[in-house]
Amino acid sequence: MSHQLGRVVSVILQRYFGENVQKVGDDLFTYGSKPIALLVKSTGLSRIKVVESLRTLLKYDLAMFEPTPNEVIADYRLIPENVLLMIRYPRYLLQIKTKYGSEAEILIEELLQKACSTATVLLVSIAVKYKDDKQASVAELKEGSEIPTLVPVATITPEIDVRAVIKIMNSGNLAESSDNVYWKVNYDRFHQDIRDEIMIKAITRRIDENAGELLRHMLQHMYLTSPAWAAESTLVPAVELREACLRAAADKPLLNQYFDQYLKVLGRKKKSALRVTEESGCGTVRADAGGRGYSVRGAGAARGCLLALLEGLVTERLGYKAARIFRIILDKKYIEEDDVQKNAMLPNKECKELSYKLLEEHFISLQPMRKTASAGGMNKAVYLFHINLHDVAHTVQDMCYKALGNVLRRASHERAAHARLLDKQRRVRSIVHGMRLRAEPQQNIDDVEETLTPSELAVLQGVEKRLKQLSAAELEIDKNLFILKWYFMYTH
């Protein structure tokens with residue numbers, strides 16, 4: 001595990017759980033696995049604090065334990081991949097709100113905070129928290145509890161008595177609940193939706209909305225016949241796809257009219273990496289020999305998204321001319337330095353400079369090769385440029401970890417530097433919200449809002465703008481990490 005990943009994990013643990021959990025998490029990340037006694041010794045914390053920190057990590061599935069060889073003492077191990085998922089929570093909430101509405105978003109948000117909960121306790125907690133919100137009624141939340149992204153331990157969803165929930169809410173005694181089925185968020189289902197959204201948007205940008213809609217139907221068929229993360233799904237007959245589109249895509253007449261043409265465009269084979277932005281399917285869809293069946297290629301889609309990510313990164317760091325050289329080397333697989341200059345159509349000096357910058361940044365590699373000379377002559381060493389996509393992906397992943405760590409640290413600094421003002425703003429907003437619910441006069445509300453001076457409001461506006469930019473950068477980096485992890489799933 002890289003040092004940069006350790007920095008990111010440390011900042012995330014500190015942000016959400018405090019210094020004690022951060023210390024325990026850092027120690028586990030550094031040394032791999034440890035029993036409680038060694039954690040107490042290396043962290044300098046008391047045994048009670050170490051146990052509490054481990055309990056928190058285990059509760060949120062951020063750590064695991066396994067018996068030592070003597071099966072008497074337990075070793076605890078951190079799960080960095082699950083820690084990284086915490087910065088993806090806003091994306092999860094947006095997803096669930098878009099698909100199922102506000103009530104579903106409230107349920108998922110509360111469940112993410114609790115890590116696991118029974119349905120009754122979850123409904124009571126939300127109802128108490130949003131007792132003044134007319135939209136968050138117990139009955140509406142009960143209907144939202146059947147969302148498929150919640151995976152129960154039992155196979156049968158328990159019946160929830162609304163009257164019993166209201167009784168427990170009024171008494172405040174959660175022990176009265178007889179519900180013993182605990183629920184957790186199914187992260188993998190969210191990731192499937194993120195993957196599908198990335199693929200559909202890529203095809204929509206490359207072709208049009210009709211092609212994106214066709215791919216959506218193909219993905220739905222894929223879930224019925226193949227594992228969700230299969231490298232390639234089973235073939236779907238074109239006839240079934242046509243029928244599905246006729247039933248569901250009535251508002252897209254062009255898709256039904258030119259269905260065969262869209263299938264051919266999606267199934268077209270990519271001939272050259274140079275034309276990765278021109279070829280339509282980009283390896284996402286494969287047609288059989290007769291064109292009667294089509295399959296979704298998850299591995300091909302991951303590779304195509306990775307290439308687009310790398311090309312964009314090279315362009316941002318070194319310019320579009322360097323990106324052109326990168327595409328040429330990717331297309332030729334192995335190429336001499338002189339041939340790069342000829343294909344890139346750049347001045348020799350500039351081409352060499354950009355090539356060695358790419359080499360310095362580890363986007364390309366050198367492969368030595370012996371070239372046989374004429375009779376009686378000496379062998380000449382030739383160095384070929386090539387791209388080891390797997391190594392480049394690991395390099396970019398480390399870059400993303402470093403960038404994410406810097407973004408998180410900067411956001412923490414902004415919050416700490418303006419903690420007093422941000423706390424004052426929260427208190428004012430809370431008071432104003434309560435006054436509006438009580439229908440108090442507007443003059444009284446204005447008096448409370450004016451406790452924030454114009455200079456304070458100007459500072460807060462700047463802080464909020466910077467935090468918003470940092471949050472957007474955080475989500476964009478997380479999207480890149482998602483694509484990289486998606487690619488690594490198939491590299492074995």
# chains A, B, ... in the order shown; residues from 1 in each chain; ligands from 1

$ residues_around --residues "Gln397 (chain A)" --least-positions-apart "5" --cutoff "10 Å" --atoms "only C-alpha atoms" --output "NGL selection string"
:A and (2 or 4-5 or 391-392 or 402-403 or 477 or 480-485)

$ atom_distance --atom1 "CA of Arg370 (chain A)" --atom2 "CA of Ile329 (chain A)"
19.6 Å

$ closest_atom_pairs --of "region 383-463 of chain A" --to "region 85-101 of chain A" --cutoff "12 Å" --atoms "only C-alpha atoms" --output "JSON lines"
{"residue": "A:Leu404", "atom": "CA", "partner": "A:Ile87", "partner_atom": "CA", "distance": 10.1}
{"residue": "A:Gly405", "atom": "CA", "partner": "A:Ile87", "partner_atom": "CA", "distance": 11.5}
{"residue": "A:Val407", "atom": "CA", "partner": "A:Ile87", "partner_atom": "CA", "distance": 11.7}
{"residue": "A:Leu408", "atom": "CA", "partner": "A:Ile87", "partner_atom": "CA", "distance": 9.7}

$ residues_around --residues "region 409-411 of chain A" --least-positions-apart "6" --cutoff "8 Å" --atoms "only C-alpha atoms" --output "MDAnalysis selection string"
chainID A and resid 11 467 470

$ residues_around --residues "region 228-242 of chain A" --least-positions-apart "3" --cutoff "6 Å" --atoms "only C-alpha atoms" --output "JSON, numbers by chain"
{"A": [222, 223, 245, 292, 293, 294, 295, 296, 297, 298, 299]}

$ closest_residue --among "A:Asn82, A:Gln261, A:Asn180, A:Ser42" --to "Lys23 (chain A)" --atoms "only C-alpha atoms"
A:Ser42

$ residues_around --residues "Lys34 (chain A)" --least-positions-apart "2" --cutoff "9 Å" --atoms "only C-alpha atoms" --output "PyMOL selection string"
chain A and resi 27-28+31-32+36-39+74-77

$ closest_residue --among "A:Met199, A:Leu84, A:Leu123, A:Ala393" --to "Glu103 (chain A)" --atoms "only C-alpha atoms"
A:Leu123

$ residues_around --residues "region 452-455 of chain A" --least-positions-apart "2" --cutoff "9 Å" --atoms "only C-alpha atoms" --output "JSON, numbers by chain"
{"A": [421, 424, 425, 428, 448, 449, 450, 457, 458, 459, 460]}

$ write_last_selection --atoms "N, CA and C atoms" --output "compact mmCIF listing (two decimals), in the first residue's frame"
# COMPACT_ATOMS: atom_id res chain seq x y z
N LEU A 421 -16.81 31.20 13.00
CA LEU A 421 -17.80 31.81 12.12
C LEU A 421 -18.78 30.76 11.57
N LYS A 424 -21.20 29.87 14.27
CA LYS A 424 -22.17 30.94 14.46
C LYS A 424 -23.22 30.92 13.36
N GLN A 425 -22.78 30.69 12.13
CA GLN A 425 -23.72 30.63 11.01
C GLN A 425 -24.70 29.47 11.18
N VAL A 428 -27.29 30.44 13.85
CA VAL A 428 -28.25 31.42 13.33
C VAL A 428 -29.25 30.75 12.40
N VAL A 448 -32.56 38.42 13.99
CA VAL A 448 -31.64 37.32 14.28
C VAL A 448 -30.61 37.20 13.16
N GLU A 449 -31.05 37.30 11.91
CA GLU A 449 -30.13 37.18 10.78
C GLU A 449 -29.09 38.29 10.77
N GLU A 450 -29.45 39.45 11.29
CA GLU A 450 -28.52 40.59 11.30
C GLU A 450 -27.42 40.45 12.35
N LEU A 457 -20.35 37.99 6.86
CA LEU A 457 -21.03 37.36 5.72
C LEU A 457 -20.12 37.26 4.51
N ALA A 458 -19.29 38.29 4.30
CA ALA A 458 -18.35 38.28 3.17
C ALA A 458 -17.31 37.18 3.34
N VAL A 459 -16.80 37.04 4.60
CA VAL A 459 -15.83 35.97 4.87
C VAL A 459 -16.47 34.60 4.68
N LEU A 460 -17.70 34.44 5.20
CA LEU A 460 -18.39 33.16 5.08
C LEU A 460 -18.67 32.81 3.62

$ closest_residue --among "A:Leu111, A:Leu389, A:Ile12, A:Leu215" --to "Ala244 (chain A)" --atoms "only C-alpha atoms"
A:Leu215

$ residues_around --residues "Ile364 (chain A)" --least-positions-apart "2" --cutoff "8 Å" --atoms "only C-alpha atoms" --output "number ranges by chain"
A: 326, 358-359, 361-362, 366, 385-388, 392

$ write_last_selection --atoms "N, CA and C atoms" --output "PDB file, in the first residue's frame"
ATOM      1  N   PHE A 326       1.426  10.602 -26.792  1.00  0.00           N
ATOM      2  CA  PHE A 326       0.948   9.486 -25.970  1.00  0.00           C
ATOM      3  C   PHE A 326       0.040   8.568 -26.783  1.00  0.00           C
ATOM      4  N   LEU A 358       7.122  12.891 -20.771  1.00  0.00           N
ATOM      5  CA  LEU A 358       6.213  11.760 -20.552  1.00  0.00           C
ATOM      6  C   LEU A 358       6.931  10.612 -19.856  1.00  0.00           C
ATOM      7  N   LEU A 359       8.181  10.395 -20.229  1.00  0.00           N
ATOM      8  CA  LEU A 359       8.975   9.342 -19.597  1.00  0.00           C
ATOM      9  C   LEU A 359       9.251   9.668 -18.137  1.00  0.00           C
ATOM     10  N   GLU A 361       7.419  11.511 -16.191  1.00  0.00           N
ATOM     11  CA  GLU A 361       6.171  11.417 -15.416  1.00  0.00           C
ATOM     12  C   GLU A 361       5.646   9.985 -15.345  1.00  0.00           C
ATOM     13  N   HIS A 362       6.377   9.030 -15.948  1.00  0.00           N
ATOM     14  CA  HIS A 362       6.026   7.602 -15.931  1.00  0.00           C
ATOM     15  C   HIS A 362       4.765   7.288 -16.739  1.00  0.00           C
ATOM     16  N   LEU A 366      10.620   2.836 -21.552  1.00  0.00           N
ATOM     17  CA  LEU A 366      11.624   2.499 -22.566  1.00  0.00           C
ATOM     18  C   LEU A 366      11.882   0.997 -22.539  1.00  0.00           C
ATOM     19  N   PHE A 385       9.966   3.247 -27.346  1.00  0.00           N
ATOM     20  CA  PHE A 385       8.953   3.764 -26.428  1.00  0.00           C
ATOM     21  C   PHE A 385       7.748   2.824 -26.448  1.00  0.00           C
ATOM     22  N   HIS A 386       7.210   2.565 -25.283  1.00  0.00           N
ATOM     23  CA  HIS A 386       5.965   1.799 -25.216  1.00  0.00           C
ATOM     24  C   HIS A 386       5.227   2.188 -23.938  1.00  0.00           C
ATOM     25  N   ILE A 387       3.983   1.726 -23.832  1.00  0.00           N
ATOM     26  CA  ILE A 387       3.138   2.070 -22.679  1.00  0.00           C
ATOM     27  C   ILE A 387       2.684   0.787 -22.006  1.00  0.00           C
ATOM     28  N   ASN A 388       3.075   0.621 -20.756  1.00  0.00           N
ATOM     29  CA  ASN A 388       2.566  -0.476 -19.928  1.00  0.00           C
ATOM     30  C   ASN A 388       1.351   0.073 -19.178  1.00  0.00           C
ATOM     31  N   VAL A 392       1.069   2.362 -15.726  1.00  0.00           N
ATOM     32  CA  VAL A 392       0.626   3.756 -15.815  1.00  0.00           C
ATOM     33  C   VAL A 392      -0.604   3.969 -14.943  1.00  0.00           C
TER      34      VAL A 392
END
